[in-house]
>>> print(open('final.pdb').read())   # PDB, N, CA and C atoms
ATOM      1  N   MET A   1     -38.168   6.521  14.179
ATOM      2  CA  MET A   1     -36.834   6.157  14.613
ATOM      3  C   MET A   1     -35.919   5.905  13.419
ATOM      4  N   GLY A   2     -36.481   5.379  12.345
ATOM      5  CA  GLY A   2     -35.659   5.111  11.170
ATOM      6  C   GLY A   2     -35.124   6.381  10.532
ATOM      7  N   GLY A   3     -35.933   7.437  10.521
ATOM      8  CA  GLY A   3     -35.486   8.703   9.944
ATOM      9  C   GLY A   3     -34.351   9.327  10.747
ATOM     10  N   TYR A   4     -34.456   9.198  12.061
ATOM     11  CA  TYR A   4     -33.398   9.743  12.909
ATOM     12  C   TYR A   4     -32.078   9.032  12.644
ATOM     13  N   TYR A   5     -32.124   7.717  12.519
ATOM     14  CA  TYR A   5     -30.903   6.955  12.289
ATOM     15  C   TYR A   5     -30.285   7.318  10.947
ATOM     16  N   ASN A   6     -31.113   7.453   9.916
ATOM     17  CA  ASN A   6     -30.580   7.789   8.601
ATOM     18  C   ASN A   6     -29.997   9.192   8.574
ATOM     19  N   ASP A   7     -30.682  10.131   9.215
ATOM     20  CA  ASP A   7     -30.162  11.497   9.248
ATOM     21  C   ASP A   7     -28.847  11.569  10.015
ATOM     22  N   GLU A   8     -28.795  10.834  11.119
ATOM     23  CA  GLU A   8     -27.553  10.833  11.894
ATOM     24  C   GLU A   8     -26.412  10.207  11.098
ATOM     25  N   LEU A   9     -26.697   9.111  10.424
ATOM     26  CA  LEU A   9     -25.671   8.451   9.627
ATOM     27  C   LEU A   9     -25.202   9.345   8.490
ATOM     28  N   ARG A  10     -26.142  10.005   7.837
ATOM     29  CA  ARG A  10     -25.781  10.905   6.738
ATOM     30  C   ARG A  10     -24.931  12.062   7.259
ATOM     31  N   HIS A  11     -25.294  12.584   8.406
ATOM     32  CA  HIS A  11     -24.517  13.675   9.008
ATOM     33  C   HIS A  11     -23.101  13.210   9.351
ATOM     34  N   ARG A  12     -22.990  12.012   9.900
ATOM     35  CA  ARG A  12     -21.663  11.491  10.246
ATOM     36  C   ARG A  12     -20.839  11.206   8.996
ATOM     37  N   GLN A  13     -21.487  10.764   7.921
ATOM     38  CA  GLN A  13     -20.754  10.514   6.682
ATOM     39  C   GLN A  13     -20.215  11.805   6.090
ATOM     40  N   LEU A  14     -21.031  12.857   6.137
ATOM     41  CA  LEU A  14     -20.581  14.135   5.587
ATOM     42  C   LEU A  14     -19.420  14.697   6.385
ATOM     43  N   GLN A  15     -19.398  14.440   7.683
ATOM     44  CA  GLN A  15     -18.292  14.910   8.512
ATOM     45  C   GLN A  15     -17.080  13.996   8.419
ATOM     46  N   GLY A  16     -17.268  12.786   7.909
ATOM     47  CA  GLY A  16     -16.176  11.835   7.845
ATOM     48  C   GLY A  16     -15.946  11.139   9.168
ATOM     49  N   ASP A  17     -16.915  11.178  10.057
ATOM     50  CA  ASP A  17     -16.777  10.594  11.386
ATOM     51  C   ASP A  17     -17.603   9.317  11.482
ATOM     52  N   VAL A  18     -17.207   8.312  10.718
ATOM     53  CA  VAL A  18     -17.927   7.043  10.736
ATOM     54  C   VAL A  18     -16.965   5.952  11.148
ATOM     55  N   GLY A  19     -17.500   4.913  11.722
ATOM     56  CA  GLY A  19     -16.663   3.839  12.216
ATOM     57  C   GLY A  19     -16.354   2.778  11.188
ATOM     58  N   HIS A  20     -17.165   2.664  10.154
ATOM     59  CA  HIS A  20     -16.971   1.610   9.165
ATOM     60  C   HIS A  20     -16.186   2.166   7.987
ATOM     61  N   ALA A  21     -15.208   1.416   7.510
ATOM     62  CA  ALA A  21     -14.324   1.912   6.459
ATOM     63  C   ALA A  21     -15.058   2.125   5.142
ATOM     64  N   VAL A  22     -16.075   1.318   4.849
ATOM     65  CA  VAL A  22     -16.784   1.448   3.582
ATOM     66  C   VAL A  22     -17.603   2.726   3.559
ATOM     67  N   LEU A  23     -18.139   3.121   4.702
ATOM     68  CA  LEU A  23     -18.975   4.312   4.756
ATOM     69  C   LEU A  23     -18.169   5.601   4.881
ATOM     70  N   GLY A  24     -16.888   5.478   5.172
ATOM     71  CA  GLY A  24     -16.074   6.654   5.397
ATOM     72  C   GLY A  24     -15.677   7.349   4.115
ATOM     73  N   ASP A  25     -15.052   8.478   4.260
ATOM     74  CA  ASP A  25     -14.587   9.262   3.125
ATOM     75  C   ASP A  25     -13.272   8.677   2.638
ATOM     76  N   PHE A  26     -13.206   8.316   1.371
ATOM     77  CA  PHE A  26     -11.998   7.682   0.857
ATOM     78  C   PHE A  26     -10.851   8.667   0.700
ATOM     79  N   ARG A  27     -11.154   9.944   0.629
ATOM     80  CA  ARG A  27     -10.089  10.943   0.482
ATOM     81  C   ARG A  27      -9.442  11.274   1.810
ATOM     82  N   ARG A  28     -10.089  10.889   2.896
ATOM     83  CA  ARG A  28      -9.577  11.242   4.213
ATOM     84  C   ARG A  28      -8.307  10.468   4.568
ATOM     85  N   GLY A  29      -8.160   9.258   4.049
ATOM     86  CA  GLY A  29      -7.000   8.443   4.369
ATOM     87  C   GLY A  29      -5.706   8.985   3.797
ATOM     88  N   GLY A  30      -5.795   9.810   2.792
ATOM     89  CA  GLY A  30      -4.602  10.366   2.174
ATOM     90  C   GLY A  30      -4.026   9.429   1.138
ATOM     91  N   SER A  31      -3.171   9.969   0.320
ATOM     92  CA  SER A  31      -2.583   9.154  -0.745
ATOM     93  C   SER A  31      -1.335   8.427  -0.265
ATOM     94  N   GLY A  32      -0.890   8.670   0.947
ATOM     95  CA  GLY A  32       0.294   7.993   1.469
ATOM     96  C   GLY A  32       0.100   6.499   1.608
ATOM     97  N   ARG A  33      -1.102   6.097   2.018
ATOM     98  CA  ARG A  33      -1.387   4.672   2.149
ATOM     99  C   ARG A  33      -1.331   3.977   0.798
ATOM    100  N   ARG A  34      -1.824   4.655  -0.206
ATOM    101  CA  ARG A  34      -1.865   4.066  -1.534
ATOM    102  C   ARG A  34      -0.456   3.814  -2.067
ATOM    103  N   TRP A  35       0.418   4.745  -1.852
ATOM    104  CA  TRP A  35       1.774   4.621  -2.406
ATOM    105  C   TRP A  35       2.717   3.876  -1.478
ATOM    106  N   ARG A  36       2.253   3.523  -0.284
ATOM    107  CA  ARG A  36       3.096   2.762   0.637
ATOM    108  C   ARG A  36       3.449   1.395   0.075
ATOM    109  N   ALA A  37       2.625   0.885  -0.813
ATOM    110  CA  ALA A  37       2.880  -0.418  -1.425
ATOM    111  C   ALA A  37       4.126  -0.400  -2.306
ATOM    112  N   LEU A  38       4.542   0.766  -2.750
ATOM    113  CA  LEU A  38       5.739   0.859  -3.591
ATOM    114  C   LEU A  38       7.033   0.687  -2.806
ATOM    115  N   LEU A  39       6.969   0.776  -1.504
ATOM    116  CA  LEU A  39       8.193   0.681  -0.710
ATOM    117  C   LEU A  39       8.868  -0.687  -0.838
ATOM    118  N   PHE A  40       8.085  -1.747  -0.878
ATOM    119  CA  PHE A  40       8.679  -3.079  -0.959
ATOM    120  C   PHE A  40       9.412  -3.322  -2.286
ATOM    121  N   PRO A  41       8.810  -3.050  -3.457
ATOM    122  CA  PRO A  41       9.574  -3.250  -4.700
ATOM    123  C   PRO A  41      10.795  -2.348  -4.805
ATOM    124  N   VAL A  42      10.683  -1.128  -4.301
ATOM    125  CA  VAL A  42      11.840  -0.226  -4.338
ATOM    126  C   VAL A  42      12.945  -0.745  -3.422
ATOM    127  N   ALA A  43      12.568  -1.280  -2.266
ATOM    128  CA  ALA A  43      13.566  -1.840  -1.350
ATOM    129  C   ALA A  43      14.227  -3.076  -1.948
ATOM    130  N   VAL A  44      13.436  -3.933  -2.602
ATOM    131  CA  VAL A  44      14.008  -5.117  -3.251
ATOM    132  C   VAL A  44      14.964  -4.707  -4.358
ATOM    133  N   LEU A  45      14.586  -3.701  -5.130
ATOM    134  CA  LEU A  45      15.463  -3.208  -6.191
ATOM    135  C   LEU A  45      16.745  -2.608  -5.624
ATOM    136  N   ALA A  46      16.639  -1.852  -4.550
ATOM    137  CA  ALA A  46      17.827  -1.247  -3.943
ATOM    138  C   ALA A  46      18.760  -2.310  -3.367
ATOM    139  N   ILE A  47      18.201  -3.307  -2.704
ATOM    140  CA  ILE A  47      19.038  -4.385  -2.163
ATOM    141  C   ILE A  47      19.682  -5.169  -3.300
ATOM    142  N   GLY A  48      18.937  -5.366  -4.381
ATOM    143  CA  GLY A  48      19.497  -6.060  -5.543
ATOM    144  C   GLY A  48      20.656  -5.301  -6.161
ATOM    145  N   VAL A  49      20.522  -3.998  -6.298
ATOM    146  CA  VAL A  49      21.619  -3.185  -6.850
ATOM    147  C   VAL A  49      22.817  -3.215  -5.914
ATOM    148  N   LEU A  50      22.547  -3.151  -4.619
ATOM    149  CA  LEU A  50      23.636  -3.201  -3.641
ATOM    150  C   LEU A  50      24.381  -4.530  -3.721
ATOM    151  N   LEU A  51      23.650  -5.628  -3.785
ATOM    152  CA  LEU A  51      24.300  -6.937  -3.895
ATOM    153  C   LEU A  51      24.976  -7.138  -5.243
ATOM    154  N   LEU A  52      24.421  -6.522  -6.263
ATOM    155  CA  LEU A  52      24.989  -6.669  -7.598
ATOM    156  C   LEU A  52      26.365  -6.028  -7.700
ATOM    157  N   PHE A  53      26.519  -4.847  -7.118
ATOM    158  CA  PHE A  53      27.782  -4.121  -7.258
ATOM    159  C   PHE A  53      28.750  -4.340  -6.108
ATOM    160  N   VAL A  54      28.243  -4.565  -4.903
ATOM    161  CA  VAL A  54      29.117  -4.599  -3.739
ATOM    162  C   VAL A  54      29.191  -5.981  -3.113
ATOM    163  N   GLY A  55      28.098  -6.691  -3.095
ATOM    164  CA  GLY A  55      28.013  -7.929  -2.340
ATOM    165  C   GLY A  55      28.735  -9.098  -2.978
ATOM    166  N   PRO A  56      28.868 -10.173  -2.221
ATOM    167  CA  PRO A  56      29.554 -11.362  -2.718
ATOM    168  C   PRO A  56      28.665 -12.247  -3.604
ATOM    169  N   LEU A  57      27.383 -11.894  -3.724
ATOM    170  CA  LEU A  57      26.453 -12.710  -4.501
ATOM    171  C   LEU A  57      25.848 -11.894  -5.651
ATOM    172  N   PRO A  58      26.580 -11.733  -6.743
ATOM    173  CA  PRO A  58      26.033 -10.922  -7.840
ATOM    174  C   PRO A  58      24.841 -11.583  -8.521
ATOM    175  N   GLY A  59      24.761 -12.908  -8.500
ATOM    176  CA  GLY A  59      23.614 -13.589  -9.102
ATOM    177  C   GLY A  59      22.327 -13.301  -8.352
ATOM    178  N   LEU A  60      22.404 -13.303  -7.018
ATOM    179  CA  LEU A  60      21.241 -12.973  -6.208
ATOM    180  C   LEU A  60      20.847 -11.513  -6.425
ATOM    181  N   GLY A  61      21.844 -10.659  -6.549
ATOM    182  CA  GLY A  61      21.562  -9.246  -6.817
ATOM    183  C   GLY A  61      20.850  -9.056  -8.146
ATOM    184  N   MET A  62      21.257  -9.818  -9.165
ATOM    185  CA  MET A  62      20.605  -9.721 -10.471
ATOM    186  C   MET A  62      19.152 -10.201 -10.398
ATOM    187  N   VAL A  63      18.926 -11.297  -9.678
ATOM    188  CA  VAL A  63      17.558 -11.816  -9.529
ATOM    189  C   VAL A  63      16.688 -10.800  -8.784
ATOM    190  N   LEU A  64      17.214 -10.200  -7.739
ATOM    191  CA  LEU A  64      16.448  -9.203  -6.997
ATOM    192  C   LEU A  64      16.192  -7.951  -7.837
ATOM    193  N   CYS A  65      17.165  -7.548  -8.640
ATOM    194  CA  CYS A  65      16.965  -6.398  -9.531
ATOM    195  C   CYS A  65      15.864  -6.675 -10.543
ATOM    196  N   ILE A  66      15.903  -7.841 -11.144
ATOM    197  CA  ILE A  66      14.881  -8.196 -12.134
ATOM    198  C   ILE A  66      13.506  -8.245 -11.467
ATOM    199  N   GLY A  67      13.426  -8.846 -10.288
ATOM    200  CA  GLY A  67      12.161  -8.900  -9.569
ATOM    201  C   GLY A  67      11.639  -7.523  -9.200
ATOM    202  N   GLY A  68      12.517  -6.658  -8.742
ATOM    203  CA  GLY A  68      12.105  -5.299  -8.394
ATOM    204  C   GLY A  68      11.670  -4.491  -9.594
ATOM    205  N   VAL A  69      12.380  -4.671 -10.719
ATOM    206  CA  VAL A  69      12.029  -3.932 -11.940
ATOM    207  C   VAL A  69      10.679  -4.397 -12.486
ATOM    208  N   PHE A  70      10.398  -5.685 -12.401
ATOM    209  CA  PHE A  70       9.109  -6.184 -12.883
ATOM    210  C   PHE A  70       7.973  -5.858 -11.910
ATOM    211  N   ALA A  71       8.247  -5.827 -10.627
ATOM    212  CA  ALA A  71       7.196  -5.576  -9.635
ATOM    213  C   ALA A  71       6.838  -4.098  -9.536
ATOM    214  N   LEU A  72       7.784  -3.231  -9.779
ATOM    215  CA  LEU A  72       7.548  -1.801  -9.596
ATOM    216  C   LEU A  72       6.429  -1.257 -10.489
ATOM    217  N   PRO A  73       6.426  -1.496 -11.796
ATOM    218  CA  PRO A  73       5.306  -0.976 -12.599
ATOM    219  C   PRO A  73       3.966  -1.644 -12.282
ATOM    220  N   MET A  74       3.993  -2.916 -11.909
ATOM    221  CA  MET A  74       2.735  -3.591 -11.567
ATOM    222  C   MET A  74       2.122  -2.979 -10.316
ATOM    223  N   VAL A  75       2.940  -2.731  -9.313
ATOM    224  CA  VAL A  75       2.433  -2.138  -8.077
ATOM    225  C   VAL A  75       2.015  -0.700  -8.319
ATOM    226  N   ALA A  76       2.761   0.019  -9.154
ATOM    227  CA  ALA A  76       2.392   1.418  -9.447
ATOM    228  C   ALA A  76       1.045   1.484 -10.183
ATOM    229  N   LEU A  77       0.833   0.595 -11.139
ATOM    230  CA  LEU A  77      -0.460   0.568 -11.831
ATOM    231  C   LEU A  77      -1.582   0.194 -10.873
ATOM    232  N   ARG A  78      -1.307  -0.745 -10.007
ATOM    233  CA  ARG A  78      -2.329  -1.152  -9.039
ATOM    234  C   ARG A  78      -2.651   0.006  -8.080
ATOM    235  N   ALA A  79      -1.633   0.780  -7.715
ATOM    236  CA  ALA A  79      -1.867   1.906  -6.814
ATOM    237  C   ALA A  79      -2.621   3.031  -7.534
ATOM    238  N   LEU A  80      -2.337   3.220  -8.808
ATOM    239  CA  LEU A  80      -3.023   4.277  -9.556
ATOM    240  C   LEU A  80      -4.469   3.914  -9.870
ATOM    241  N   LEU A  81      -4.711   2.683 -10.264
ATOM    242  CA  LEU A  81      -6.032   2.289 -10.720
ATOM    243  C   LEU A  81      -6.911   1.710  -9.630
ATOM    244  N   GLY A  82      -6.328   1.405  -8.486
ATOM    245  CA  GLY A  82      -7.100   0.805  -7.395
ATOM    246  C   GLY A  82      -7.994   1.817  -6.701
ATOM    247  N   PRO A  83      -8.925   1.313  -5.895
ATOM    248  CA  PRO A  83      -9.854   2.215  -5.186
ATOM    249  C   PRO A  83      -9.191   2.964  -4.051
TER     250      PRO A  83
END
>>> encode(input="final.pdb", output="structure tokens")
Amino acid sequence: MGGYYNDELRHRQLQGDVGHAVLGDFRRGGSGRRWRALLFPVAVLAIGVLLLFVGPLPGLGMVLCIGGVFALPMVALRALLGP
């Protein structure tokens, strides 16, 4: 019975049809999930630029710009080097 279970599991892993995320194929999820983390720093940076030039609170816009500029490379490195 143990051999049957292992063979079945190996077959399901090769097909990418497994229920557990650790056993699944990491390439199957696509790279979109990995780069989705960049949306938040880019949005913070865009809102900061908008408030800096157009809004009534240029100080808040500057703080958001600085935060977005510092967060963007950190998140990009984490997305590149992460599993």
>>> closest_residue(input="final.pdb", among="A:Ala37, A:Leu14, A:Val44, A:Met62", to="Ala76 (chain A)", atoms="only N, CA and C atoms")
A:Ala37
>>> atom_distance(input="final.pdb", atom1="CA of Gly67 (chain A)", atom2="atom C of Leu52 (chain A)")
14.6 Å
>>> atom_distance(input="final.pdb", atom1="CA of Gly55 (chain A)", atom2="atom C of Phe40 (chain A)")
19.2 Å
>>> closest_residue(input="final.pdb", among="A:Ala79, A:Leu50, A:Asp7, A:Gly59", to="Leu38 (chain A)", atoms="only C-alpha atoms")
A:Ala79
>>> residues_near_point(input="final.pdb", point="(6.9, -8.1, -10.3)", cutoff="12 Å", atoms="only C-alpha atoms", output="ChimeraX atom specification")
/A:38,40-42,44-45,63-78
>>> atom_distance(input="final.pdb", atom1="atom C of Gly61 (chain A)", atom2="atom N of Gly48 (chain A)")
5.6 Å
>>> axis_aligned_box(input="final.pdb", around="region 62-67 of chain A", padding_each_side="6 Å", output="AutoDock Vina command-line options")
--center_x 16.4 --center_y -9.1 --center_z -9.6 --size_x 21.6 --size_y 17.4 --size_z 17.1
>>> closest_residue(input="final.pdb", among="A:Arg10, A:Pro58, A:Leu80, A:Ala46", to="Arg33 (chain A)", atoms="only C-alpha atoms")
A:Leu80
